[in-house]
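This is final-v4.pdb (PDB, C-alpha atoms).
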MODEL        1
ATOM      1  CA  MET A   1      30.976   7.629 -18.320  1.00  0.00           C
ATOM      2  CA  GLU A   2      32.617   4.357 -17.271  1.00  0.00           C
ATOM      3  CA  SER A   3      31.281   1.070 -18.492  1.00  0.00           C
ATOM      4  CA  ALA A   4      30.728  -1.941 -16.259  1.00  0.00           C
ATOM      5  CA  PRO A   5      33.774  -4.181 -15.747  1.00  0.00           C
ATOM      6  CA  ALA A   6      34.127  -7.135 -18.053  1.00  0.00           C
ATOM      7  CA  PRO A   7      32.683 -10.326 -16.527  1.00  0.00           C
ATOM      8  CA  ASP A   8      35.984 -12.210 -16.879  1.00  0.00           C
ATOM      9  CA  ASN A   9      38.141  -9.464 -15.318  1.00  0.00           C
ATOM     10  CA  PRO A  10      39.843 -11.013 -12.222  1.00  0.00           C
ATOM     11  CA  LEU A  11      40.001  -7.593 -10.534  1.00  0.00           C
ATOM     12  CA  HIS A  12      36.206  -7.266 -10.771  1.00  0.00           C
ATOM     13  CA  PRO A  13      34.670 -10.725 -10.398  1.00  0.00           C
ATOM     14  CA  THR A  14      31.010 -11.129 -11.191  1.00  0.00           C
ATOM     15  CA  LEU A  15      28.672 -11.614  -8.265  1.00  0.00           C
ATOM     16  CA  ARG A  16      27.588 -15.247  -8.237  1.00  0.00           C
ATOM     17  CA  GLU A  17      25.439 -17.335  -5.943  1.00  0.00           C
ATOM     18  CA  PRO A  18      27.214 -18.701  -2.879  1.00  0.00           C
ATOM     19  CA  VAL A  19      27.865 -22.434  -3.203  1.00  0.00           C
ATOM     20  CA  ASN A  20      26.308 -23.890  -0.017  1.00  0.00           C
ATOM     21  CA  GLN A  21      22.606 -24.413   0.530  1.00  0.00           C
ATOM     22  CA  VAL A  22      21.171 -24.322   4.025  1.00  0.00           C
ATOM     23  CA  ASP A  23      20.203 -27.602   5.700  1.00  0.00           C
ATOM     24  CA  PRO A  24      17.125 -29.283   4.158  1.00  0.00           C
ATOM     25  CA  ARG A  25      15.506 -29.275   7.638  1.00  0.00           C
ATOM     26  CA  ALA A  26      15.165 -25.499   7.235  1.00  0.00           C
ATOM     27  CA  LYS A  27      12.132 -26.179   5.024  1.00  0.00           C
ATOM     28  CA  THR A  28      10.425 -27.815   8.011  1.00  0.00           C
ATOM     29  CA  LEU A  29      11.337 -24.842  10.213  1.00  0.00           C
ATOM     30  CA  TRP A  30       9.893 -22.432   7.655  1.00  0.00           C
ATOM     31  CA  ARG A  31       6.646 -24.452   7.570  1.00  0.00           C
ATOM     32  CA  ILE A  32       6.063 -24.465  11.327  1.00  0.00           C
ATOM     33  CA  GLY A  33       5.486 -20.697  11.713  1.00  0.00           C
ATOM     34  CA  PRO A  34       2.688 -20.455   9.140  1.00  0.00           C
ATOM     35  CA  LEU A  35       1.087 -23.595  10.594  1.00  0.00           C
ATOM     36  CA  ILE A  36       1.199 -22.205  14.139  1.00  0.00           C
ATOM     37  CA  LEU A  37      -0.549 -19.026  12.980  1.00  0.00           C
ATOM     38  CA  GLY A  38      -2.666 -20.274  10.075  1.00  0.00           C
ATOM     39  CA  VAL A  39      -4.364 -23.331  11.523  1.00  0.00           C
ATOM     40  CA  PRO A  40      -5.776 -21.645  14.684  1.00  0.00           C
ATOM     41  CA  ALA A  41      -6.821 -18.561  12.684  1.00  0.00           C
ATOM     42  CA  THR A  42      -8.632 -20.748  10.144  1.00  0.00           C
ATOM     43  CA  ILE A  43     -10.352 -22.706  12.924  1.00  0.00           C
ATOM     44  CA  ALA A  44     -11.385 -19.456  14.631  1.00  0.00           C
ATOM     45  CA  ALA A  45     -12.907 -18.143  11.394  1.00  0.00           C
ATOM     46  CA  ILE A  46     -14.812 -21.421  10.924  1.00  0.00           C
ATOM     47  CA  VAL A  47     -16.145 -21.211  14.491  1.00  0.00           C
ATOM     48  CA  VAL A  48     -17.294 -17.624  13.900  1.00  0.00           C
ATOM     49  CA  ALA A  49     -18.969 -18.691  10.640  1.00  0.00           C
ATOM     50  CA  VAL A  50     -20.876 -21.433  12.471  1.00  0.00           C
ATOM     51  CA  VAL A  51     -21.761 -19.486  15.624  1.00  0.00           C
ATOM     52  CA  VAL A  52     -22.408 -15.922  14.407  1.00  0.00           C
ATOM     53  CA  ALA A  53     -25.196 -15.906  11.810  1.00  0.00           C
ATOM     54  CA  ASP A  54     -24.676 -12.245  10.812  1.00  0.00           C
ATOM     55  CA  ALA A  55     -21.007 -12.869  10.020  1.00  0.00           C
ATOM     56  CA  ARG A  56     -21.415 -16.299   8.425  1.00  0.00           C
ATOM     57  CA  TRP A  57     -20.394 -15.437   4.856  1.00  0.00           C
ATOM     58  CA  THR A  58     -17.642 -13.018   5.815  1.00  0.00           C
ATOM     59  CA  ALA A  59     -16.161 -15.478   8.296  1.00  0.00           C
ATOM     60  CA  ALA A  60     -16.480 -18.351   5.816  1.00  0.00           C
ATOM     61  CA  LEU A  61     -14.626 -16.327   3.155  1.00  0.00           C
ATOM     62  CA  ALA A  62     -11.992 -15.424   5.731  1.00  0.00           C
ATOM     63  CA  ALA A  63     -11.614 -19.124   6.630  1.00  0.00           C
ATOM     64  CA  VAL A  64     -11.119 -20.065   2.973  1.00  0.00           C
ATOM     65  CA  ALA A  65      -8.592 -17.243   2.460  1.00  0.00           C
ATOM     66  CA  LEU A  66      -6.706 -18.167   5.641  1.00  0.00           C
ATOM     67  CA  ALA A  67      -6.628 -21.837   4.674  1.00  0.00           C
ATOM     68  CA  ALA A  68      -5.332 -20.986   1.189  1.00  0.00           C
ATOM     69  CA  LEU A  69      -2.628 -18.699   2.596  1.00  0.00           C
ATOM     70  CA  THR A  70      -1.605 -21.336   5.125  1.00  0.00           C
ATOM     71  CA  VAL A  71      -1.272 -23.947   2.385  1.00  0.00           C
ATOM     72  CA  PHE A  72       0.738 -21.522   0.215  1.00  0.00           C
ATOM     73  CA  PHE A  73       3.099 -20.512   3.040  1.00  0.00           C
ATOM     74  CA  THR A  74       3.647 -24.110   4.147  1.00  0.00           C
ATOM     75  CA  THR A  75       4.157 -25.653   0.706  1.00  0.00           C
ATOM     76  CA  VAL A  76       5.397 -23.151  -1.881  1.00  0.00           C
ATOM     77  CA  VAL A  77       7.310 -20.584   0.190  1.00  0.00           C
ATOM     78  CA  PRO A  78       9.649 -23.000   2.051  1.00  0.00           C
ATOM     79  CA  LEU A  79      10.631 -24.694  -1.207  1.00  0.00           C
ATOM     80  CA  TRP A  80      11.219 -21.342  -2.910  1.00  0.00           C
ATOM     81  CA  ARG A  81      13.239 -19.982   0.051  1.00  0.00           C
ATOM     82  CA  TYR A  82      15.325 -23.157   0.185  1.00  0.00           C
ATOM     83  CA  ARG A  83      16.167 -22.801  -3.475  1.00  0.00           C
ATOM     84  CA  PHE A  84      17.671 -19.329  -2.976  1.00  0.00           C
ATOM     85  CA  HIS A  85      19.049 -19.288   0.598  1.00  0.00           C
ATOM     86  CA  ARG A  86      22.763 -19.931   0.195  1.00  0.00           C
ATOM     87  CA  TRP A  87      25.997 -19.169   1.980  1.00  0.00           C
ATOM     88  CA  GLU A  88      29.745 -19.534   1.628  1.00  0.00           C
ATOM     89  CA  VAL A  89      32.914 -18.891   3.606  1.00  0.00           C
ATOM     90  CA  SER A  90      35.932 -18.349   1.358  1.00  0.00           C
ATOM     91  CA  GLU A  91      39.535 -17.520   2.215  1.00  0.00           C
ATOM     92  CA  ASP A  92      38.729 -13.807   2.167  1.00  0.00           C
ATOM     93  CA  ALA A  93      35.034 -13.337   2.907  1.00  0.00           C
ATOM     94  CA  VAL A  94      31.705 -14.590   4.197  1.00  0.00           C
ATOM     95  CA  TYR A  95      28.969 -14.439   1.587  1.00  0.00           C
ATOM     96  CA  ALA A  96      25.242 -14.984   2.057  1.00  0.00           C
ATOM     97  CA  GLN A  97      22.164 -14.798  -0.133  1.00  0.00           C
ATOM     98  CA  SER A  98      18.621 -14.867   1.175  1.00  0.00           C
ATOM     99  CA  GLY A  99      15.089 -13.965   0.204  1.00  0.00           C
ATOM    100  CA  TRP A 100      12.192 -15.770  -1.367  1.00  0.00           C
ATOM    101  CA  PHE A 101      10.777 -12.825  -3.285  1.00  0.00           C
ATOM    102  CA  VAL A 102      13.423 -10.085  -2.999  1.00  0.00           C
ATOM    103  CA  ARG A 103      17.020 -11.373  -3.136  1.00  0.00           C
ATOM    104  CA  HIS A 104      19.488 -10.000  -0.604  1.00  0.00           C
ATOM    105  CA  ARG A 105      23.225 -10.647  -0.968  1.00  0.00           C
ATOM    106  CA  VAL A 106      25.896  -9.590   1.523  1.00  0.00           C
ATOM    107  CA  ILE A 107      29.655 -10.117   1.376  1.00  0.00           C
ATOM    108  CA  ILE A 108      31.754  -9.425   4.469  1.00  0.00           C
ATOM    109  CA  PRO A 109      35.553  -9.506   4.202  1.00  0.00           C
ATOM    110  CA  ILE A 110      37.095 -11.641   6.967  1.00  0.00           C
ATOM    111  CA  ALA A 111      39.162  -8.610   8.081  1.00  0.00           C
ATOM    112  CA  ARG A 112      35.945  -6.636   8.805  1.00  0.00           C
ATOM    113  CA  ILE A 113      34.279  -9.235  11.041  1.00  0.00           C
ATOM    114  CA  GLN A 114      33.829  -8.102  14.627  1.00  0.00           C
ATOM    115  CA  VAL A 115      31.354 -10.596  16.104  1.00  0.00           C
ATOM    116  CA  VAL A 116      30.382 -14.146  15.147  1.00  0.00           C
ATOM    117  CA  ASP A 117      27.627 -15.930  17.028  1.00  0.00           C
ATOM    118  CA  THR A 118      25.075 -18.692  16.764  1.00  0.00           C
ATOM    119  CA  GLU A 119      21.500 -18.760  17.979  1.00  0.00           C
ATOM    120  CA  ALA A 120      18.928 -21.532  18.223  1.00  0.00           C
ATOM    121  CA  GLY A 121      15.410 -21.044  19.528  1.00  0.00           C
ATOM    122  CA  PRO A 122      13.211 -23.910  20.704  1.00  0.00           C
ATOM    123  CA  LEU A 123      12.095 -24.917  17.205  1.00  0.00           C
ATOM    124  CA  GLU A 124      15.644 -24.775  15.851  1.00  0.00           C
ATOM    125  CA  GLN A 125      16.885 -26.852  18.795  1.00  0.00           C
ATOM    126  CA  MET A 126      14.178 -29.430  18.159  1.00  0.00           C
ATOM    127  CA  LEU A 127      15.312 -29.678  14.521  1.00  0.00           C
ATOM    128  CA  LYS A 128      19.032 -29.441  15.419  1.00  0.00           C
ATOM    129  CA  LEU A 129      19.383 -26.211  13.437  1.00  0.00           C
ATOM    130  CA  ALA A 130      20.929 -22.834  14.252  1.00  0.00           C
ATOM    131  CA  LYS A 131      21.339 -19.338  12.860  1.00  0.00           C
ATOM    132  CA  LEU A 132      24.861 -18.021  12.265  1.00  0.00           C
ATOM    133  CA  THR A 133      25.259 -14.258  12.567  1.00  0.00           C
ATOM    134  CA  VAL A 134      28.370 -12.457  11.319  1.00  0.00           C
ATOM    135  CA  THR A 135      28.571  -8.784  12.269  1.00  0.00           C
ATOM    136  CA  THR A 136      30.791  -5.842  11.350  1.00  0.00           C
ATOM    137  CA  ALA A 137      30.865  -2.327  12.779  1.00  0.00           C
ATOM    138  CA  SER A 138      28.457  -1.269  10.029  1.00  0.00           C
ATOM    139  CA  SER A 139      24.758  -1.872  10.597  1.00  0.00           C
ATOM    140  CA  ALA A 140      24.479  -2.782   6.914  1.00  0.00           C
ATOM    141  CA  GLY A 141      27.231  -5.358   7.274  1.00  0.00           C
ATOM    142  CA  THR A 142      25.450  -8.104   9.178  1.00  0.00           C
ATOM    143  CA  ILE A 143      24.845 -11.547   7.748  1.00  0.00           C
ATOM    144  CA  HIS A 144      22.201 -13.874   9.176  1.00  0.00           C
ATOM    145  CA  ILE A 145      22.403 -17.417   7.832  1.00  0.00           C
ATOM    146  CA  GLU A 146      19.298 -19.264   9.013  1.00  0.00           C
ATOM    147  CA  GLY A 147      18.710 -22.987   8.792  1.00  0.00           C
ATOM    148  CA  LEU A 148      22.227 -24.334   9.255  1.00  0.00           C
ATOM    149  CA  ASP A 149      22.919 -27.654  10.922  1.00  0.00           C
ATOM    150  CA  ALA A 150      23.648 -26.661  14.549  1.00  0.00           C
ATOM    151  CA  GLU A 151      27.026 -28.396  14.661  1.00  0.00           C
ATOM    152  CA  LEU A 152      28.072 -26.854  11.338  1.00  0.00           C
ATOM    153  CA  ALA A 153      27.006 -23.398  12.574  1.00  0.00           C
ATOM    154  CA  ARG A 154      29.094 -23.805  15.756  1.00  0.00           C
ATOM    155  CA  ALA A 155      32.119 -25.082  13.800  1.00  0.00           C
ATOM    156  CA  THR A 156      31.842 -22.240  11.271  1.00  0.00           C
ATOM    157  CA  ALA A 157      31.549 -19.658  14.066  1.00  0.00           C
ATOM    158  CA  SER A 158      34.621 -21.112  15.763  1.00  0.00           C
ATOM    159  CA  ASP A 159      36.598 -21.161  12.505  1.00  0.00           C
ATOM    160  CA  LEU A 160      35.676 -17.564  11.657  1.00  0.00           C
ATOM    161  CA  THR A 161      36.546 -16.391  15.157  1.00  0.00           C
ATOM    162  CA  ILE A 162      39.995 -17.995  14.894  1.00  0.00           C
ATOM    163  CA  ARG A 163      40.544 -16.571  11.398  1.00  0.00           C
ATOM    164  CA  THR A 164      39.612 -13.030  12.438  1.00  0.00           C
ATOM    165  CA  GLN A 165      42.315 -13.137  15.139  1.00  0.00           C
ATOM    166  CA  ALA A 166      44.912 -12.905  12.344  1.00  0.00           C
ATOM    167  CA  PHE A 167      43.762  -9.334  11.712  1.00  0.00           C
ATOM    168  CA  THR A 168      45.072  -7.333  14.665  1.00  0.00           C
ATOM    169  CA  ASP A 169      44.640  -3.848  13.221  1.00  0.00           C
ATOM    170  CA  ASP A 170      41.368  -1.924  13.344  1.00  0.00           C
ATOM    171  CA  ALA A 171      39.687  -2.748  10.035  1.00  0.00           C
ATOM    172  CA  THR A 172      36.651  -0.510  10.566  1.00  0.00           C
TER     173      THR A 172
ENDMDL
END
Output the file's structure in the form of structure tokens.
Amino acid sequence: MESAPAPDNPLHPTLREPVNQVDPRAKTLWRIGPLILGVPATIAAIVVAVVVADARWTAALAAVALAALTVFFTTVVPLWRYRFHRWEVSEDAVYAQSGWFVRHRVIIPIARIQVVDTEAGPLEQMLKLAKLTVTTASSAGTIHIEGLDAELARATASDLTIRTQAFTDDAT
């Protein structure tokens, strides 16, 4: 049975966190979704508690639970996600880490990249953010880096596209 490679072995580097954090405005983006869902749902439960006598206590408990979940998902979760969402583009690879409860890390060698794109929905555009997606031929080899400054995402996509042109053979 083989043992794990030594941590200081240059042929088998240890997996470390990528160096770049996403833009701090990503925390605001991650707060908007829970607010859009949580506030109306809480209000609806309060209205039911006031209007429907037979459901008063159930609806009131639901309103309290919804309010608590909304507060949790708009205060704690964005801060926690921001702490762990990281990314990096090195000479040889694109590396991303995401997750607020379960950590997900993906490394894509530059030679394997097939498609690089950016995407920004209405909320991202309002906050001047974008998502960078780096794709390989493998379905497991896709990186989504959410919460990047829109200009940085475009520049990174452009840079990666230019760098992948150096690899003319089929790397799949």
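Note that atom CA of Ile107 of chain A and atom CA of Arg83 of chain A are 19.1 Å apart.
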task = Step by step, work through what the PyMOL selection byres ((chain A and resi 70) around 8) selects in the shown file, and finish by giving those residues as a count of residues only.
result = 12
inquiry  = Which residues would end up in the selection if the PyMOL selection byres ((chain A and resi 133-141) around 7) were applied here, given that I need the answer as an MDAnalysis selection string?
reply    = chainID A and resid 108 112:118 131:132 142:145 172
Using 4 Å of padding on each side, determine the axis-aligned box around all atoms of segment 130-139 of chain A present in the file and give its centre and edge lengths in Å to one decimal, as lines of an AutoDock Vina configuration file.
center_x = 25.9
center_y = -12.1
center_z = 12.1
size_x = 17.9
size_y = 29.6
size_z = 12.2
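Atom pair atom CA of Ala120 of chain A / atom CA of Arg103 of chain A has a distance of 23.7 Å (rounded to one decimal).
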request  = Report as a list in words the residues that result from applying the PyMOL selection byres ((chain A and resi 129) around 9) to the structure here.
outcome  = Asp23, Arg25, Ala26, Leu29, Glu119, Ala120, Gly121, Leu123, Glu124, Gln125, Met126, Leu127, Lys128, Ala130, Lys131, Glu146, Gly147, Leu148, Asp149, Ala150, Glu151, Leu152 and Ala153 of chain A
Print the selection's residues with C-alpha atoms to a file, as a PDB file, in the frame of the given file.
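Dumped to selection_38.pdb:
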ATOM      1  CA  ASP A  23      20.203 -27.602   5.700  1.00  0.00           C
ATOM      2  CA  ARG A  25      15.506 -29.275   7.638  1.00  0.00           C
ATOM      3  CA  ALA A  26      15.165 -25.499   7.235  1.00  0.00           C
ATOM      4  CA  LEU A  29      11.337 -24.842  10.213  1.00  0.00           C
ATOM      5  CA  GLU A 119      21.500 -18.760  17.979  1.00  0.00           C
ATOM      6  CA  ALA A 120      18.928 -21.532  18.223  1.00  0.00           C
ATOM      7  CA  GLY A 121      15.410 -21.044  19.528  1.00  0.00           C
ATOM      8  CA  LEU A 123      12.095 -24.917  17.205  1.00  0.00           C
ATOM      9  CA  GLU A 124      15.644 -24.775  15.851  1.00  0.00           C
ATOM     10  CA  GLN A 125      16.885 -26.852  18.795  1.00  0.00           C
ATOM     11  CA  MET A 126      14.178 -29.430  18.159  1.00  0.00           C
ATOM     12  CA  LEU A 127      15.312 -29.678  14.521  1.00  0.00           C
ATOM     13  CA  LYS A 128      19.032 -29.441  15.419  1.00  0.00           C
ATOM     14  CA  ALA A 130      20.929 -22.834  14.252  1.00  0.00           C
ATOM     15  CA  LYS A 131      21.339 -19.338  12.860  1.00  0.00           C
ATOM     16  CA  GLU A 146      19.298 -19.264   9.013  1.00  0.00           C
ATOM     17  CA  GLY A 147      18.710 -22.987   8.792  1.00  0.00           C
ATOM     18  CA  LEU A 148      22.227 -24.334   9.255  1.00  0.00           C
ATOM     19  CA  ASP A 149      22.919 -27.654  10.922  1.00  0.00           C
ATOM     20  CA  ALA A 150      23.648 -26.661  14.549  1.00  0.00           C
ATOM     21  CA  GLU A 151      27.026 -28.396  14.661  1.00  0.00           C
ATOM     22  CA  LEU A 152      28.072 -26.854  11.338  1.00  0.00           C
ATOM     23  CA  ALA A 153      27.006 -23.398  12.574  1.00  0.00           C
TER      24      ALA A 153
END
query = Which is closest to Trp57 of chain A among A:Phe84, A:Thr28, A:Ala45, A:Thr164, if we use all atoms listed in the file?
reply =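 Using all atoms listed in the file, Trp57 of chain A sits closest to A:Ala45.
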query = Expressed in Å to a single decimal, how great is the separation between atom CA of Tyr95 of chain A and atom CA of Gln21 of chain A?
reply = 11.9 Å
task = Select all residues near (26.9, -14.2, -4.3) (cut-off 10 Å, inclusive, file coordinates), counting only C-alpha atoms, and output them as number ranges by chain.
result = A: 14-19, 86-88, 94-98, 104-107
query = Of the residues A:Arg56, A:Arg31, A:Ala93, A:Val51, which is the one nearest to Leu79 of chain A, using all atoms listed in the file?
reply =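 Smallest separation from Leu79 of chain A among the options: A:Arg31.
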Rebuild N, CA and C atoms on segment 109-143 of chain A, as a tab-separated table (two decimals), in the coordinates of the input?
chain	number	residue	atom	x	y	z
A	109	PRO	N	34.15	-9.06	4.16
A	109	PRO	CA	35.55	-9.51	4.20
A	109	PRO	C	35.90	-10.01	5.61
A	110	ILE	N	36.71	-11.06	5.68
A	110	ILE	CA	37.10	-11.64	6.97
A	110	ILE	C	37.71	-10.57	7.87
A	111	ALA	N	38.50	-9.66	7.29
A	111	ALA	CA	39.16	-8.61	8.08
A	111	ALA	C	38.18	-7.65	8.75
A	112	ARG	N	36.95	-7.57	8.26
A	112	ARG	CA	35.94	-6.64	8.80
A	112	ARG	C	35.07	-7.26	9.89
A	113	ILE	N	35.15	-8.57	10.07
A	113	ILE	CA	34.28	-9.24	11.04
A	113	ILE	C	34.64	-8.82	12.45
A	114	GLN	N	33.62	-8.45	13.22
A	114	GLN	CA	33.83	-8.10	14.63
A	114	GLN	C	33.21	-9.12	15.58
A	115	VAL	N	32.05	-9.65	15.22
A	115	VAL	CA	31.35	-10.60	16.10
A	115	VAL	C	30.80	-11.75	15.26
A	116	VAL	N	30.97	-12.96	15.78
A	116	VAL	CA	30.38	-14.15	15.15
A	116	VAL	C	29.63	-14.88	16.24
A	117	ASP	N	28.35	-15.17	16.01
A	117	ASP	CA	27.63	-15.93	17.03
A	117	ASP	C	26.61	-16.86	16.39
A	118	THR	N	26.12	-17.79	17.20
A	118	THR	CA	25.08	-18.69	16.76
A	118	THR	C	23.90	-18.54	17.71
A	119	GLU	N	22.72	-18.86	17.19
A	119	GLU	CA	21.50	-18.76	17.98
A	119	GLU	C	20.57	-19.88	17.55
A	120	ALA	N	19.89	-20.47	18.53
A	120	ALA	CA	18.93	-21.53	18.22
A	120	ALA	C	17.78	-21.44	19.21
A	121	GLY	N	16.61	-21.07	18.70
A	121	GLY	CA	15.41	-21.04	19.53
A	121	GLY	C	14.88	-22.45	19.73
A	122	PRO	N	13.76	-22.58	20.41
A	122	PRO	CA	13.21	-23.91	20.70
A	122	PRO	C	12.94	-24.76	19.46
A	123	LEU	N	12.38	-24.15	18.42
A	123	LEU	CA	12.10	-24.92	17.20
A	123	LEU	C	13.38	-25.35	16.51
A	124	GLU	N	14.36	-24.43	16.45
A	124	GLU	CA	15.64	-24.78	15.85
A	124	GLU	C	16.32	-25.90	16.64
A	125	GLN	N	16.27	-25.81	17.97
A	125	GLN	CA	16.89	-26.85	18.80
A	125	GLN	C	16.22	-28.20	18.54
A	126	MET	N	14.90	-28.20	18.42
A	126	MET	CA	14.18	-29.43	18.16
A	126	MET	C	14.63	-30.06	16.83
A	127	LEU	N	14.90	-29.21	15.84
A	127	LEU	CA	15.31	-29.68	14.52
A	127	LEU	C	16.83	-29.77	14.36
A	128	LYS	N	17.56	-29.45	15.44
A	128	LYS	CA	19.03	-29.44	15.42
A	128	LYS	C	19.58	-28.47	14.37
A	129	LEU	N	18.97	-27.29	14.34
A	129	LEU	CA	19.38	-26.21	13.44
A	129	LEU	C	19.85	-25.01	14.26
A	130	ALA	N	20.51	-24.07	13.59
A	130	ALA	CA	20.93	-22.83	14.25
A	130	ALA	C	21.06	-21.73	13.22
A	131	LYS	N	21.10	-20.50	13.71
A	131	LYS	CA	21.34	-19.34	12.86
A	131	LYS	C	22.74	-18.82	13.17
A	132	LEU	N	23.53	-18.59	12.13
A	132	LEU	CA	24.86	-18.02	12.26
A	132	LEU	C	24.75	-16.55	11.92
A	133	THR	N	25.27	-15.70	12.81
A	133	THR	CA	25.26	-14.26	12.57
A	133	THR	C	26.70	-13.76	12.55
A	134	VAL	N	27.05	-13.04	11.48
A	134	VAL	CA	28.37	-12.46	11.32
A	134	VAL	C	28.15	-10.95	11.24
A	135	THR	N	28.83	-10.21	12.14
A	135	THR	CA	28.57	-8.78	12.27
A	135	THR	C	29.85	-7.98	12.08
A	136	THR	N	29.71	-6.81	11.46
A	136	THR	CA	30.79	-5.84	11.35
A	136	THR	C	30.38	-4.60	12.15
A	137	ALA	N	31.21	-3.58	12.10
A	137	ALA	CA	30.86	-2.33	12.78
A	137	ALA	C	29.73	-1.60	12.07
A	138	SER	N	29.52	-1.90	10.81
A	138	SER	CA	28.46	-1.27	10.03
A	138	SER	C	27.13	-2.00	10.25
A	139	SER	N	26.07	-1.23	10.43
A	139	SER	CA	24.76	-1.87	10.60
A	139	SER	C	24.32	-2.58	9.32
A	140	ALA	N	24.83	-2.14	8.18
A	140	ALA	CA	24.48	-2.78	6.91
A	140	ALA	C	25.32	-4.02	6.66
A	141	GLY	N	26.31	-4.26	7.50
A	141	GLY	CA	27.23	-5.36	7.27
A	141	GLY	C	26.99	-6.57	8.14
A	142	THR	N	25.75	-6.93	8.37
A	142	THR	CA	25.45	-8.10	9.18
A	142	THR	C	24.87	-9.18	8.28
A	143	ILE	N	25.36	-10.39	8.48
A	143	ILE	CA	24.84	-11.55	7.75
A	143	ILE	C	24.15	-12.46	8.75
